[in-house]
file run-v4.tsv (TSV, C-alpha atoms)
chain	number	residue	atom	x	y	z
A	1	GLY	CA	96.52	99.89	86.51
A	2	ALA	CA	98.52	102.39	88.50
A	3	VAL	CA	102.17	101.59	89.18
A	4	VAL	CA	103.15	102.02	92.83
A	5	SER	CA	106.56	101.74	94.43
A	6	GLN	CA	107.58	101.47	98.06
A	7	HIS	CA	110.88	102.04	99.74
A	8	PRO	CA	112.49	100.34	101.52
A	9	SER	CA	111.33	96.84	100.70
A	10	ARG	CA	112.76	95.49	103.92
A	11	VAL	CA	114.01	97.12	107.09
A	12	ILE	CA	115.40	95.79	110.34
A	13	CYS	CA	115.73	98.20	113.22
A	14	LYS	CA	116.29	98.28	116.94
A	15	SER	CA	113.46	98.84	119.36
A	16	GLY	CA	112.87	102.53	120.01
A	17	THR	CA	113.97	103.81	116.63
A	18	SER	CA	111.75	105.42	114.03
A	19	VAL	CA	111.31	104.09	110.53
A	20	LYS	CA	110.04	105.97	107.49
A	21	ILE	CA	108.39	104.15	104.59
A	22	GLU	CA	107.81	105.90	101.27
A	23	CYS	CA	105.00	105.14	98.86
A	24	ARG	CA	105.15	106.60	95.36
A	25	SER	CA	102.56	106.60	92.61
A	26	LEU	CA	104.75	106.47	89.50
A	27	ASP	CA	102.27	107.04	86.69
A	28	PHE	CA	99.21	108.49	88.33
A	29	GLN	CA	98.42	111.49	90.49
A	30	ALA	CA	96.87	110.02	93.58
A	31	THR	CA	94.79	112.26	95.79
A	32	THR	CA	94.06	109.27	97.99
A	33	MET	CA	96.46	106.63	99.19
A	34	PHE	CA	95.90	103.90	101.74
A	35	TRP	CA	98.19	102.29	104.28
A	36	TYR	CA	97.63	98.69	105.30
A	37	ARG	CA	99.32	96.36	107.73
A	38	GLN	CA	99.34	92.59	107.41
A	39	PHE	CA	100.54	90.19	110.08
A	40	PRO	CA	101.59	86.65	109.07
A	41	LYS	CA	98.70	84.50	107.86
A	42	GLN	CA	96.21	87.30	108.50
A	43	SER	CA	94.28	89.51	106.16
A	44	LEU	CA	94.90	93.12	105.26
A	45	MET	CA	94.11	95.65	107.94
A	46	LEU	CA	93.52	99.22	106.86
A	47	MET	CA	95.48	101.58	109.06
A	48	ALA	CA	94.72	104.95	107.54
A	49	THR	CA	93.62	106.85	104.49
A	50	SER	CA	96.10	109.42	103.29
A	51	ASN	CA	94.69	112.50	101.59
A	52	GLU	CA	96.92	114.86	99.65
A	53	GLY	CA	97.21	118.21	101.36
A	54	SER	CA	95.19	117.29	104.44
A	55	LYS	CA	95.42	115.18	107.55
A	56	ALA	CA	95.19	111.44	107.27
A	57	THR	CA	92.14	109.59	108.49
A	58	TYR	CA	93.05	106.81	110.89
A	59	GLU	CA	91.08	103.65	111.55
A	60	GLN	CA	89.85	102.89	115.02
A	61	GLY	CA	92.60	101.53	117.23
A	62	VAL	CA	95.46	102.93	115.16
A	63	GLU	CA	97.53	105.48	117.08
A	64	LYS	CA	98.00	108.56	114.94
A	65	ASP	CA	100.93	109.76	117.05
A	66	LYS	CA	102.74	106.48	116.54
A	67	PHE	CA	102.04	106.07	112.83
A	68	LEU	CA	102.69	109.45	111.25
A	69	ILE	CA	101.41	109.88	107.73
A	70	ASN	CA	102.36	112.67	105.38
A	71	HIS	CA	100.89	113.05	101.89
A	72	ALA	CA	102.58	116.20	100.71
A	73	SER	CA	102.26	115.64	96.97
A	74	LEU	CA	100.07	113.78	94.52
A	75	THR	CA	102.75	111.15	94.04
A	76	LEU	CA	104.23	110.61	97.49
A	77	SER	CA	102.91	109.50	100.85
A	78	THR	CA	105.10	108.53	103.79
A	79	LEU	CA	104.41	106.44	106.86
A	80	THR	CA	106.69	106.89	109.84
A	81	VAL	CA	106.57	104.32	112.59
A	82	THR	CA	107.80	106.21	115.63
A	83	SER	CA	109.55	104.48	118.53
A	84	ALA	CA	109.06	101.10	116.93
A	85	HIS	CA	108.68	98.02	119.11
A	86	PRO	CA	108.77	94.31	118.25
A	87	GLU	CA	104.96	94.18	118.10
A	88	ASP	CA	105.12	96.67	115.21
A	89	SER	CA	106.94	94.09	113.11
A	90	SER	CA	104.68	93.49	110.14
A	91	PHE	CA	104.22	93.83	106.39
A	92	TYR	CA	103.23	97.40	105.55
A	93	ILE	CA	101.59	97.96	102.18
A	94	CYS	CA	100.37	101.13	100.53
A	95	SER	CA	97.85	101.43	97.76
A	96	VAL	CA	96.47	104.12	95.50
A	97	GLN	CA	92.90	104.47	94.43
A	98	GLN	CA	92.47	104.93	90.73
A	99	GLY	CA	89.10	106.31	89.80
A	100	ALA	CA	86.61	108.03	92.05
A	101	VAL	CA	83.80	105.84	90.78
A	102	ARG	CA	85.15	102.35	90.52
A	103	ASN	CA	87.34	102.41	93.65
A	104	GLU	CA	89.90	99.90	92.47
A	105	GLN	CA	93.12	100.02	94.43
A	106	PHE	CA	96.59	99.19	93.21
A	107	PHE	CA	99.21	98.13	95.68
A	108	GLY	CA	102.87	98.82	96.18
A	109	PRO	CA	105.18	95.85	96.72
A	110	GLY	CA	105.15	96.28	100.49
A	111	THR	CA	107.71	96.90	103.20
A	112	ARG	CA	108.63	94.19	105.67
A	113	LEU	CA	109.53	95.74	109.01
A	114	THR	CA	111.34	93.74	111.65
A	115	VAL	CA	111.93	95.40	115.02
A	116	LEU	CA	114.49	93.68	117.19
B	1	GLN	CA	79.38	96.08	111.13
B	2	LYS	CA	79.99	95.66	107.43
B	3	GLU	CA	81.59	92.34	106.62
B	4	VAL	CA	82.96	90.31	103.77
B	5	GLU	CA	83.08	86.58	104.39
B	6	GLN	CA	85.30	84.04	102.68
B	7	ASN	CA	86.13	80.45	103.45
B	8	SER	CA	89.74	80.48	104.60
B	9	GLY	CA	90.52	77.13	103.00
B	10	PRO	CA	92.84	75.77	101.97
B	11	LEU	CA	90.95	74.82	98.84
B	12	SER	CA	92.78	72.08	97.00
B	13	VAL	CA	92.08	71.65	93.28
B	14	PRO	CA	93.80	69.35	90.79
B	15	GLU	CA	95.66	70.94	87.92
B	16	GLY	CA	93.43	71.55	84.93
B	17	ALA	CA	90.21	71.59	86.95
B	18	ILE	CA	87.97	74.57	87.75
B	19	ALA	CA	88.62	76.38	91.02
B	20	SER	CA	85.58	78.08	92.54
B	21	LEU	CA	86.07	80.78	95.15
B	22	ASN	CA	83.14	82.34	96.97
B	23	CYS	CA	82.48	85.53	98.89
B	24	THR	CA	79.46	87.00	100.65
B	25	TYR	CA	79.05	90.58	101.81
B	26	SER	CA	76.73	92.34	104.21
B	27	ASP	CA	76.50	95.90	102.85
B	28	ARG	CA	73.58	96.11	100.42
B	29	GLY	CA	74.81	99.52	99.29
B	30	SER	CA	77.99	98.09	97.80
B	31	GLN	CA	78.38	98.62	94.09
B	32	SER	CA	81.93	97.56	93.24
B	33	PHE	CA	83.43	94.11	93.77
B	34	PHE	CA	87.02	93.06	93.39
B	35	TRP	CA	89.14	89.94	93.43
B	36	TYR	CA	92.80	90.23	94.35
B	37	ARG	CA	95.44	87.53	94.26
B	38	GLN	CA	98.21	87.52	96.85
B	39	TYR	CA	101.22	85.27	96.65
B	40	SER	CA	102.99	84.46	99.89
B	41	GLY	CA	105.19	87.35	100.98
B	42	LYS	CA	103.90	89.64	98.22
B	43	SER	CA	101.33	92.40	98.04
B	44	PRO	CA	97.85	91.92	96.54
B	45	GLU	CA	97.34	92.15	92.79
B	46	LEU	CA	94.00	93.07	91.22
B	47	ILE	CA	92.81	90.35	88.88
B	48	MET	CA	89.10	91.00	88.37
B	49	PHE	CA	86.45	93.58	89.11
B	50	ILE	CA	82.71	93.46	88.52
B	51	TYR	CA	79.92	95.99	88.98
B	52	SER	CA	76.84	94.44	87.35
B	53	ASN	CA	74.88	91.31	88.11
B	54	GLY	CA	75.88	88.34	86.03
B	55	ASP	CA	79.15	87.01	84.73
B	56	LYS	CA	82.29	88.76	83.58
B	57	GLU	CA	84.99	86.76	81.83
B	58	ASP	CA	88.65	87.62	81.39
B	59	GLY	CA	90.80	84.83	80.03
B	60	ARG	CA	90.66	81.88	82.42
B	61	PHE	CA	88.92	83.96	85.08
B	62	THR	CA	85.18	84.52	85.45
B	63	ALA	CA	83.67	86.73	88.14
B	64	GLN	CA	80.03	86.19	89.03
B	65	LEU	CA	77.89	88.67	90.93
B	66	ASN	CA	74.45	88.23	92.47
B	67	LYS	CA	73.47	91.39	94.34
B	68	ALA	CA	70.14	89.97	95.50
B	69	SER	CA	71.95	87.16	97.30
B	70	GLN	CA	74.92	89.43	98.19
B	71	TYR	CA	77.25	86.90	96.69
B	72	VAL	CA	80.27	87.19	94.43
B	73	SER	CA	82.41	84.38	93.14
B	74	LEU	CA	85.54	83.79	91.10
B	75	LEU	CA	86.00	80.81	88.80
B	76	ILE	CA	89.43	79.85	87.53
B	77	ARG	CA	89.34	77.49	84.57
B	78	ASP	CA	92.19	75.16	83.62
B	79	SER	CA	93.84	75.75	86.99
B	80	GLN	CA	97.63	75.93	86.97
B	81	PRO	CA	100.09	75.46	89.84
B	82	SER	CA	100.96	79.16	89.40
B	83	ASP	CA	97.39	79.98	90.46
B	84	SER	CA	98.22	78.74	93.95
B	85	ALA	CA	97.83	81.83	96.13
B	86	THR	CA	95.46	83.51	98.56
B	87	TYR	CA	92.50	85.18	96.87
B	88	LEU	CA	91.05	88.23	98.56
B	89	CYS	CA	87.53	89.48	97.94
B	90	ALA	CA	87.00	93.23	98.41
B	91	VAL	CA	83.80	95.22	98.27
B	92	ASN	CA	83.36	98.97	98.29
B	93	SER	CA	81.62	100.49	101.26
B	94	GLY	CA	78.20	101.74	100.33
B	95	ASP	CA	78.57	104.89	102.41
B	96	SER	CA	82.11	105.74	101.42
B	97	ASN	CA	83.50	106.95	98.13
B	98	TYR	CA	86.66	104.97	98.38
B	99	GLN	CA	87.00	102.56	101.24
B	100	LEU	CA	87.10	98.85	100.50
B	101	ILE	CA	85.97	96.17	102.91
B	102	TRP	CA	88.22	93.13	102.73
B	103	GLY	CA	87.60	89.46	103.22
B	104	ALA	CA	90.18	87.39	105.04
B	105	GLY	CA	91.04	85.50	101.87
B	106	THR	CA	90.85	81.92	100.63
B	107	LYS	CA	94.05	79.97	100.20
B	108	LEU	CA	93.99	78.04	96.94
B	109	ILE	CA	96.34	75.14	96.25
B	110	ILE	CA	96.56	73.69	92.76
B	111	LYS	CA	97.99	70.18	92.86
B	112	PRO	CA	100.00	69.02	89.81

call {"tool": "encode", "arguments": {"input": "run-v4.tsv", "output": "structure tokens"}}
result
Amino acid sequence: GAVVSQHPSRVICKSGTSVKIECRSLDFQATTMFWYRQFPKQSLMLMATSNEGSKATYEQGVEKDKFLINHASLTLSTLTVTSAHPEDSSFYICSVQQGAVRNEQFFGPGTRLTVL
Amino acid sequence: QKEVEQNSGPLSVPEGAIASLNCTYSDRGSQSFFWYRQYSGKSPELIMFIYSNGDKEDGRFTAQLNKASQYVSLLIRDSQPSDSATYLCAVNSGDSNYQLIWGAGTKLIIKP
């Protein structure tokens, strides 16, 4: 399957700061990437679908002005958490879809964000 | 609302036994079915996918699909302590080219 990296793997920041998370598809040109959030002991929650060269599609209840997504190339998507607050502390995971027919997704290792 | 249901567990299985994980889904238009394994603190890893009714075997893993009953399962033979993880069932949305609908996951514990 596709190999996906994320950076940073862990970040601790003060409340009010912005944090950028990078997701890279290392061996596959991904027109579609996904951003998920996972709180402790809960399941994955899709935040948005990132489409190369166009605006991201956000899920209901996810603030697009707070979670800025940029998918400027076929190998890189970024998620910026603006003015982060403690309630934004979570595990953020990106994935790439490989194959328009079979829909399987391959995940990056995730970024653990802690907002103090 | 389209849903994927899994028993949250934990499901405790002795080492060497067969672990059986189950999943039901509501969207009759779904065509692709996936099982992911997630270790604590890690991201999900794809372990099996199935598209046709019946069984699909890959090593110690067997995925079973019954579209009429809207049911998909994962069997793990000769369970090992390293199989202890949360197993997520995912199903493609029948009206979307790419979106997956996720179950909440079943926590599996293999006891030595």

call {"tool": "interface_residues", "arguments": {"input": "run-v4.tsv", "of": "chain A", "to": "chain B", "cutoff": "8 Å", "atoms": "all atoms listed in the file", "output": "PyMOL selection string"}}
result
chain A and resi 42-44+93+97+100-110

call {"tool": "residues_around", "arguments": {"input": "run-v4.tsv", "residues": "Thr75 of chain A", "least_positions_apart": "6", "cutoff": "12 Å", "atoms": "all atoms listed in the file", "output": "ChimeraX atom specification"}}
result
/A:2-6,22-33,50-53,95-97

call {"tool": "atom_distance", "arguments": {"input": "run-v4.tsv", "atom1": "atom CA of Met47 of chain A", "atom2": "atom CA of Leu21 of chain B"}}
result
26.7 Å

call {"tool": "atom_distance", "arguments": {"input": "run-v4.tsv", "atom1": "atom CA of Ser26 of chain B", "atom2": "atom CA of Ser79 of chain B"}}
result
29.4 Å

call {"tool": "atom_distance", "arguments": {"input": "run-v4.tsv", "atom1": "atom CA of Ser89 of chain A", "atom2": "atom CA of Arg112 of chain A"}}
result
7.6 Å

call {"tool": "residues_around", "arguments": {"input": "run-v4.tsv", "residues": "segment 68-77 of chain B", "least_positions_apart": "6", "cutoff": "10 Å", "atoms": "all atoms listed in the file", "output": "PyMOL selection string"}}
result
chain B and resi 4-6+15-28+30+33-35+48+50+53-62+83+87+89-91

call {"tool": "write_last_selection", "arguments": {"input": "run-v4.tsv", "atoms": "C-alpha atoms", "output": "tab-separated table (two decimals), in the coordinates of the input"}}
result
chain	number	residue	atom	x	y	z
B	4	VAL	CA	82.96	90.31	103.77
B	5	GLU	CA	83.08	86.58	104.39
B	6	GLN	CA	85.30	84.04	102.68
B	15	GLU	CA	95.66	70.94	87.92
B	16	GLY	CA	93.43	71.55	84.93
B	17	ALA	CA	90.21	71.59	86.95
B	18	ILE	CA	87.97	74.57	87.75
B	19	ALA	CA	88.62	76.38	91.02
B	20	SER	CA	85.58	78.08	92.54
B	21	LEU	CA	86.07	80.78	95.15
B	22	ASN	CA	83.14	82.34	96.97
B	23	CYS	CA	82.48	85.53	98.89
B	24	THR	CA	79.46	87.00	100.65
B	25	TYR	CA	79.05	90.58	101.81
B	26	SER	CA	76.73	92.34	104.21
B	27	ASP	CA	76.50	95.90	102.85
B	28	ARG	CA	73.58	96.11	100.42
B	30	SER	CA	77.99	98.09	97.80
B	33	PHE	CA	83.43	94.11	93.77
B	34	PHE	CA	87.02	93.06	93.39
B	35	TRP	CA	89.14	89.94	93.43
B	48	MET	CA	89.10	91.00	88.37
B	50	ILE	CA	82.71	93.46	88.52
B	53	ASN	CA	74.88	91.31	88.11
B	54	GLY	CA	75.88	88.34	86.03
B	55	ASP	CA	79.15	87.01	84.73
B	56	LYS	CA	82.29	88.76	83.58
B	57	GLU	CA	84.99	86.76	81.83
B	58	ASP	CA	88.65	87.62	81.39
B	59	GLY	CA	90.80	84.83	80.03
B	60	ARG	CA	90.66	81.88	82.42
B	61	PHE	CA	88.92	83.96	85.08
B	62	THR	CA	85.18	84.52	85.45
B	83	ASP	CA	97.39	79.98	90.46
B	87	TYR	CA	92.50	85.18	96.87
B	89	CYS	CA	87.53	89.48	97.94
B	90	ALA	CA	87.00	93.23	98.41
B	91	VAL	CA	83.80	95.22	98.27

call {"tool": "closest_residue", "arguments": {"input": "run-v4.tsv", "among": "B:Asn7, B:Gly29, B:Arg37, B:Ser12", "to": "Gly94 of chain B", "atoms": "all atoms listed in the file"}}
result
B:Gly29

call {"tool": "residues_around", "arguments": {"input": "run-v4.tsv", "residues": "His85 of chain A", "least_positions_apart": "3", "cutoff": "8 Å", "atoms": "only C-alpha atoms", "output": "short mmCIF file (atom, residue, chain, number, x, y, z; two decimals) with C-alpha atoms, in the coordinates of the input"}}
result
data_model
loop_
_atom_site.label_atom_id
_atom_site.label_comp_id
_atom_site.auth_asym_id
_atom_site.auth_seq_id
_atom_site.Cartn_x
_atom_site.Cartn_y
_atom_site.Cartn_z
CA LYS A 14 116.29 98.28 116.94
CA SER A 15 113.46 98.84 119.36
CA GLY A 16 112.87 102.53 120.01
CA ASP A 88 105.12 96.67 115.21
CA SER A 89 106.94 94.09 113.11
CA VAL A 115 111.93 95.40 115.02
CA LEU A 116 114.49 93.68 117.19
#

call {"tool": "closest_residue", "arguments": {"input": "run-v4.tsv", "among": "A:Ser90, A:Gln98, A:Ser9, A:Thr114", "to": "Lys41 of chain A", "atoms": "only C-alpha atoms"}}
result
A:Ser90

call {"tool": "residues_near_point", "arguments": {"input": "run-v4.tsv", "point": "(96.7, 77.7, 97.7)", "cutoff": "9 Å", "atoms": "only C-alpha atoms", "output": "PyMOL selection string"}}
result
chain B and resi 9-13+39+81+83-87+106-110

call {"tool": "closest_residue", "arguments": {"input": "run-v4.tsv", "among": "A:Thr80, A:Phe34, A:Ala48, A:Phe91", "to": "Val62 of chain A", "atoms": "all atoms listed in the file"}}
result
A:Ala48

call {"tool": "closest_residue", "arguments": {"input": "run-v4.tsv", "among": "A:His7, A:Lys20, A:Lys55, A:Lys64", "to": "Val81 of chain A", "atoms": "all atoms listed in the file"}}
result
A:Lys20

call {"tool": "build_atoms", "arguments": {"input": "run-v4.tsv", "residues": "segment 25-36 of chain B", "atoms": "all heavy atoms", "output": "PDB file, in the coordinates of the input"}}
result
ATOM      1  N   TYR B  25      78.839  89.269 101.204  1.00  0.00           N
ATOM      2  CA  TYR B  25      79.050  90.580 101.810  1.00  0.00           C
ATOM      3  C   TYR B  25      77.766  91.058 102.457  1.00  0.00           C
ATOM      4  O   TYR B  25      76.667  90.617 102.098  1.00  0.00           O
ATOM      5  CB  TYR B  25      79.542  91.582 100.763  1.00  0.00           C
ATOM      6  CG  TYR B  25      78.582  91.791  99.605  1.00  0.00           C
ATOM      7  CD1 TYR B  25      77.682  92.851  99.607  1.00  0.00           C
ATOM      8  CD2 TYR B  25      78.598  90.936  98.504  1.00  0.00           C
ATOM      9  CE1 TYR B  25      76.805  93.040  98.557  1.00  0.00           C
ATOM     10  CE2 TYR B  25      77.723  91.112  97.452  1.00  0.00           C
ATOM     11  CZ  TYR B  25      76.832  92.171  97.472  1.00  0.00           C
ATOM     12  OH  TYR B  25      75.960  92.350  96.432  1.00  0.00           O
ATOM     13  N   SER B  26      77.898  91.949 103.419  1.00  0.00           N
ATOM     14  CA  SER B  26      76.730  92.340 104.210  1.00  0.00           C
ATOM     15  C   SER B  26      76.142  93.695 103.801  1.00  0.00           C
ATOM     16  O   SER B  26      74.962  93.955 104.071  1.00  0.00           O
ATOM     17  CB  SER B  26      77.108  92.389 105.689  1.00  0.00           C
ATOM     18  OG  SER B  26      78.102  93.374 105.920  1.00  0.00           O
ATOM     19  N   ASP B  27      76.943  94.544 103.155  1.00  0.00           N
ATOM     20  CA  ASP B  27      76.500  95.900 102.850  1.00  0.00           C
ATOM     21  C   ASP B  27      75.714  95.928 101.534  1.00  0.00           C
ATOM     22  O   ASP B  27      76.299  95.819 100.458  1.00  0.00           O
ATOM     23  CB  ASP B  27      77.717  96.831 102.762  1.00  0.00           C
ATOM     24  CG  ASP B  27      77.334  98.299 102.603  1.00  0.00           C
ATOM     25  OD1 ASP B  27      76.136  98.606 102.418  1.00  0.00           O
ATOM     26  OD2 ASP B  27      78.243  99.141 102.654  1.00  0.00           O
ATOM     27  N   ARG B  28      74.416  96.098 101.626  1.00  0.00           N
ATOM     28  CA  ARG B  28      73.580  96.110 100.420  1.00  0.00           C
ATOM     29  C   ARG B  28      73.846  97.317  99.530  1.00  0.00           C
ATOM     30  O   ARG B  28      73.451  97.325  98.357  1.00  0.00           O
ATOM     31  CB  ARG B  28      72.097  96.072 100.795  1.00  0.00           C
ATOM     32  CG  ARG B  28      71.618  94.727 101.280  1.00  0.00           C
ATOM     33  CD  ARG B  28      70.106  94.599 101.230  1.00  0.00           C
ATOM     34  NE  ARG B  28      69.670  93.237 101.460  1.00  0.00           N
ATOM     35  CZ  ARG B  28      69.560  92.325 100.505  1.00  0.00           C
ATOM     36  NH1 ARG B  28      69.853  92.640  99.260  1.00  0.00           N
ATOM     37  NH2 ARG B  28      69.164  91.098 100.783  1.00  0.00           N
ATOM     38  N   GLY B  29      74.492  98.340 100.074  1.00  0.00           N
ATOM     39  CA  GLY B  29      74.810  99.520  99.290  1.00  0.00           C
ATOM     40  C   GLY B  29      76.062  99.385  98.439  1.00  0.00           C
ATOM     41  O   GLY B  29      76.384 100.274  97.658  1.00  0.00           O
ATOM     42  N   SER B  30      76.763  98.288  98.563  1.00  0.00           N
ATOM     43  CA  SER B  30      77.990  98.090  97.800  1.00  0.00           C
ATOM     44  C   SER B  30      77.706  97.976  96.318  1.00  0.00           C
ATOM     45  O   SER B  30      76.724  97.355  95.908  1.00  0.00           O
ATOM     46  CB  SER B  30      78.712  96.826  98.291  1.00  0.00           C
ATOM     47  OG  SER B  30      79.095  96.965  99.633  1.00  0.00           O
ATOM     48  N   GLN B  31      78.584  98.588  95.530  1.00  0.00           N
ATOM     49  CA  GLN B  31      78.380  98.620  94.090  1.00  0.00           C
ATOM     50  C   GLN B  31      79.557  98.058  93.305  1.00  0.00           C
ATOM     51  O   GLN B  31      79.415  97.749  92.127  1.00  0.00           O
ATOM     52  CB  GLN B  31      78.139 100.078  93.639  1.00  0.00           C
ATOM     53  CG  GLN B  31      76.895 100.708  94.231  1.00  0.00           C
ATOM     54  CD  GLN B  31      75.617 100.061  93.744  1.00  0.00           C
ATOM     55  OE1 GLN B  31      75.526  99.642  92.589  1.00  0.00           O
ATOM     56  NE2 GLN B  31      74.632  99.936  94.620  1.00  0.00           N
ATOM     57  N   SER B  32      80.718  97.995  93.944  1.00  0.00           N
ATOM     58  CA  SER B  32      81.930  97.560  93.240  1.00  0.00           C
ATOM     59  C   SER B  32      82.525  96.369  93.969  1.00  0.00           C
ATOM     60  O   SER B  32      82.615  96.376  95.199  1.00  0.00           O
ATOM     61  CB  SER B  32      82.959  98.696  93.193  1.00  0.00           C
ATOM     62  OG  SER B  32      82.413  99.862  92.648  1.00  0.00           O
ATOM     63  N   PHE B  33      82.961  95.371  93.181  1.00  0.00           N
ATOM     64  CA  PHE B  33      83.430  94.110  93.770  1.00  0.00           C
ATOM     65  C   PHE B  33      84.725  93.699  93.093  1.00  0.00           C
ATOM     66  O   PHE B  33      84.824  93.748  91.857  1.00  0.00           O
ATOM     67  CB  PHE B  33      82.349  93.037  93.600  1.00  0.00           C
ATOM     68  CG  PHE B  33      80.999  93.486  94.115  1.00  0.00           C
ATOM     69  CD1 PHE B  33      80.145  94.202  93.294  1.00  0.00           C
ATOM     70  CD2 PHE B  33      80.643  93.232  95.423  1.00  0.00           C
ATOM     71  CE1 PHE B  33      78.918  94.657  93.771  1.00  0.00           C
ATOM     72  CE2 PHE B  33      79.412  93.679  95.907  1.00  0.00           C
ATOM     73  CZ  PHE B  33      78.555  94.394  95.083  1.00  0.00           C
ATOM     74  N   PHE B  34      85.678  93.299  93.905  1.00  0.00           N
ATOM     75  CA  PHE B  34      87.020  93.060  93.390  1.00  0.00           C
ATOM     76  C   PHE B  34      87.560  91.726  93.889  1.00  0.00           C
ATOM     77  O   PHE B  34      87.281  91.296  95.013  1.00  0.00           O
ATOM     78  CB  PHE B  34      87.978  94.167  93.862  1.00  0.00           C
ATOM     79  CG  PHE B  34      87.498  95.555  93.524  1.00  0.00           C
ATOM     80  CD1 PHE B  34      86.708  96.268  94.413  1.00  0.00           C
ATOM     81  CD2 PHE B  34      87.836  96.146  92.321  1.00  0.00           C
ATOM     82  CE1 PHE B  34      86.256  97.534  94.104  1.00  0.00           C
ATOM     83  CE2 PHE B  34      87.390  97.419  92.002  1.00  0.00           C
ATOM     84  CZ  PHE B  34      86.595  98.102  92.900  1.00  0.00           C
ATOM     85  N   TRP B  35      88.365  91.111  93.033  1.00  0.00           N
ATOM     86  CA  TRP B  35      89.140  89.940  93.430  1.00  0.00           C
ATOM     87  C   TRP B  35      90.623  90.263  93.278  1.00  0.00           C
ATOM     88  O   TRP B  35      91.066  90.714  92.214  1.00  0.00           O
ATOM     89  CB  TRP B  35      88.790  88.725  92.578  1.00  0.00           C
ATOM     90  CG  TRP B  35      87.495  88.085  92.966  1.00  0.00           C
ATOM     91  CD1 TRP B  35      86.282  88.240  92.356  1.00  0.00           C
ATOM     92  CD2 TRP B  35      87.289  87.190  94.057  1.00  0.00           C
ATOM     93  NE1 TRP B  35      85.329  87.499  93.009  1.00  0.00           N
ATOM     94  CE2 TRP B  35      85.922  86.833  94.051  1.00  0.00           C
ATOM     95  CE3 TRP B  35      88.112  86.630  95.039  1.00  0.00           C
ATOM     96  CZ2 TRP B  35      85.359  85.961  94.984  1.00  0.00           C
ATOM     97  CZ3 TRP B  35      87.564  85.767  95.965  1.00  0.00           C
ATOM     98  CH2 TRP B  35      86.203  85.434  95.941  1.00  0.00           C
ATOM     99  N   TYR B  36      91.360  90.031  94.357  1.00  0.00           N
ATOM    100  CA  TYR B  36      92.800  90.230  94.350  1.00  0.00           C
ATOM    101  C   TYR B  36      93.467  88.878  94.609  1.00  0.00           C
ATOM    102  O   TYR B  36      92.965  88.046  95.366  1.00  0.00           O
ATOM    103  CB  TYR B  36      93.217  91.204  95.460  1.00  0.00           C
ATOM    104  CG  TYR B  36      92.906  92.652  95.171  1.00  0.00           C
ATOM    105  CD1 TYR B  36      91.625  93.175  95.381  1.00  0.00           C
ATOM    106  CD2 TYR B  36      93.895  93.520  94.707  1.00  0.00           C
ATOM    107  CE1 TYR B  36      91.343  94.505  95.124  1.00  0.00           C
ATOM    108  CE2 TYR B  36      93.624  94.849  94.455  1.00  0.00           C
ATOM    109  CZ  TYR B  36      92.345  95.337  94.658  1.00  0.00           C
ATOM    110  OH  TYR B  36      92.071  96.662  94.411  1.00  0.00           O
TER     111      TYR B  36
END
